[in-house]
Amino acid sequence: ADRRRAQSEELVNFMLVDLQKQAFEAARPDLTLGIAAKADAYFSSLPEEDFDDNALSQKALGLRQSGEALIDQGKLSEALPPLFESLLIAERLSNIRPEDTKTQIELSNSYFYVGHVHFLRGEMTQARTYFEATLPIVDNAVSSEPQNAEWLKERGYAYTNMGRILELEGLLDRAHGVYERVMETNMRLHQLAPDNREWELEVGFAHNNLGKLLVALGNLKNAREHYRADVEIKERIYKSDTSKNEWRNYHAVSQFFYGQILAAMGDLQEAEGRLTAAKSEFGQLKTMSPDAAYLDVRLARVDRELADVYWAQGDIELAASHAESSIARLDRLSATDTSNVSWQRDLADSIALAADLARRNGNPTAISAYLGRGAPIAERLYEQEPDNIYTQRIYINMMLIDALANATTETAQSSA
């Protein structure tokens with residue numbers, strides 16, 4: 001009986017670690033859910049006397065993986081229960097094993113995923129609470145074993161999440177300091193094993209953090225250098241093994257951000273090339289994983305950026321069609337879960353762009369239609385998260401487009 005139980009535990013561990021790693025690398029949340037369901041069926045069949053700490057730890061991992069996959073599919077309401085159950089188990093195990101660093105790190109991960117759902121729903125107070133709970137755990141882990149690469153990686157993750165909160169709250173200088181700390185941590189991580197591609201990716205992510213923050217601060221020149229460094233890292237790693245969809249996704253994201261900064265700085269031709277390449281890669285991933293909602297968001301964002309690029313190049317029709325494509329994709333997505341504030345923000349941003357394109361093209365009927373759809377969304381978001389700098393930008397943009405359109409109309413009427 002002991003041998004059979006040990007074999008079962010070994011099989012479940014293989015499913016939750018090795019198979020799930022393959023599903024993640026393939027960018028297949030549907031496979032992740034299937035594997036987690038099989039593991040859950042095993043735990044449900046266990047007699048209570050066989051449910052030891054190891055089984056509890058495996059169950060918590062399976063629940064967390066289910067929650068992760070549901071987030072990737074855009075099912076936030078469905079993701080929260082398994083993630084919260086996983087957190088309760090992790091808290092129980094951390095009390096049993098207070099000196100075991102790995103158990104404490106598992107608790108930190110559980111705090112993060114519950115906080116991440118709140119973050120996506122625009123519930124920043126709750127998100128901050130859970131994200132802040134991770135910081136002393138990762139700091140203690142690194143203090144106890146400063147050369148442990150896994151603990152350094154976890155510390156980079158935890159501080160990145162806090163940087164996201166500070167950034168959205170408009171505390172940009174503080175966020176910059178946090179992201180610099182993440183860069184320092186991830187550079188130490190990479191130096192421990194220079195040939196480890198996963199650790200090198202973390203340096204790329206740190207460059208991306210700093211690039212986005214510097215854009216918000218208006219420092220486009222330095223932002224471009226960070227984005228360039230990021231895309232070079234991701235490109236080198238992806239080309240070393242193009243079968244890994246996880247790396248393809250990272251590469252596409254970096255292409256997108258680099259294309260975005262190039263467009264902002266007027267390098268339209270290279271911007272178009274980078275954005276088109278990102279769209280192609282996201283599209284390929286979407287074909288392989290049609291239920292991955294995060295890919296819909298990324299495709300919609302690329303279309304929004306391409307619309308601006310095509311307008312700047314003088315192709316009005318192509319700009320309008322890409323703006324419409326972005327809106328249509330986000331419309332479909334938002335209808336599946338109205339609690340996802342991140343999607344609502346993206347939708348309002350795309351509608352604002354379409355309204356501005358219509359304004360520049362002198363189409364008052366289209367302006368009115370777009371503002372009629374987008375302004376209520378922006379107003380609702382602003383009421384819900386008035387301190388979010390990206391929501392503020394969208395809300396102000398809507399009002400500015402409306403004011404400019406009215407001024408143009410009044411000028412035309414005066415001339416007539």
# chains A, B, ... in the order shown; residues from 1 in each chain; ligands from 1
>>> residues_around(residues="Ala293 (chain A)", least_positions_apart="6", cutoff="9 Å", atoms="only C-alpha atoms", output="list in words")
Ile71, Asp72, Gln73, Gly74, Lys75, Lys286 and Leu333 of chain A
>>> residues_around(residues="region 316-329 of chain A", least_positions_apart="5", cutoff="12 Å", atoms="only C-alpha atoms", output="ChimeraX atom specification")
/A:272,276,279,293-311,334-336,343-363,366,370,373-374
>>> closest_residue(among="A:Phe119, A:Tyr395, A:Trp199, A:Phe112", to="Leu168 (chain A)", atoms="only C-alpha atoms")
A:Phe119
>>> closest_residue(among="A:Ser342, A:Ser240, A:Gln269, A:Asn249", to="Arg28 (chain A)", atoms="only C-alpha atoms")
A:Asn249
>>> closest_residue(among="A:Asn186, A:Gln65, A:Ser77, A:Thr125", to="Arg155 (chain A)", atoms="only C-alpha atoms")
A:Asn186
>>> closest_residue(among="A:Arg174, A:Arg97, A:Arg64, A:His190", to="Leu83 (chain A)", atoms="only C-alpha atoms")
A:Arg64
>>> residues_around(residues="Asp230 (chain A)", least_positions_apart="5", cutoff="8 Å", atoms="only C-alpha atoms", output="list in words")
Val203, Gly204, Phe205, His207, Asn208 and Ser254 of chain A
>>> select_by_dssp(residues="region 142-228 of chain A", states="alpha helix (DSSP H)", output="PyMOL selection string")
chain A and resi 142-144+149-168+172-192+197-216+220-228
>>> closest_residue(among="A:Ser243, A:Asn148, A:Asn161, A:Gln260", to="Arg128 (chain A)", atoms="only C-alpha atoms")
A:Asn161
>>> atom_distance(atom1="CA of Ala36 (chain A)", atom2="CA of Lys59 (chain A)")
9.1 Å
>>> closest_residue(among="A:Ile401, A:Ile105, A:Ala407, A:Ala127", to="Ala141 (chain A)", atoms="only C-alpha atoms")
A:Ile105
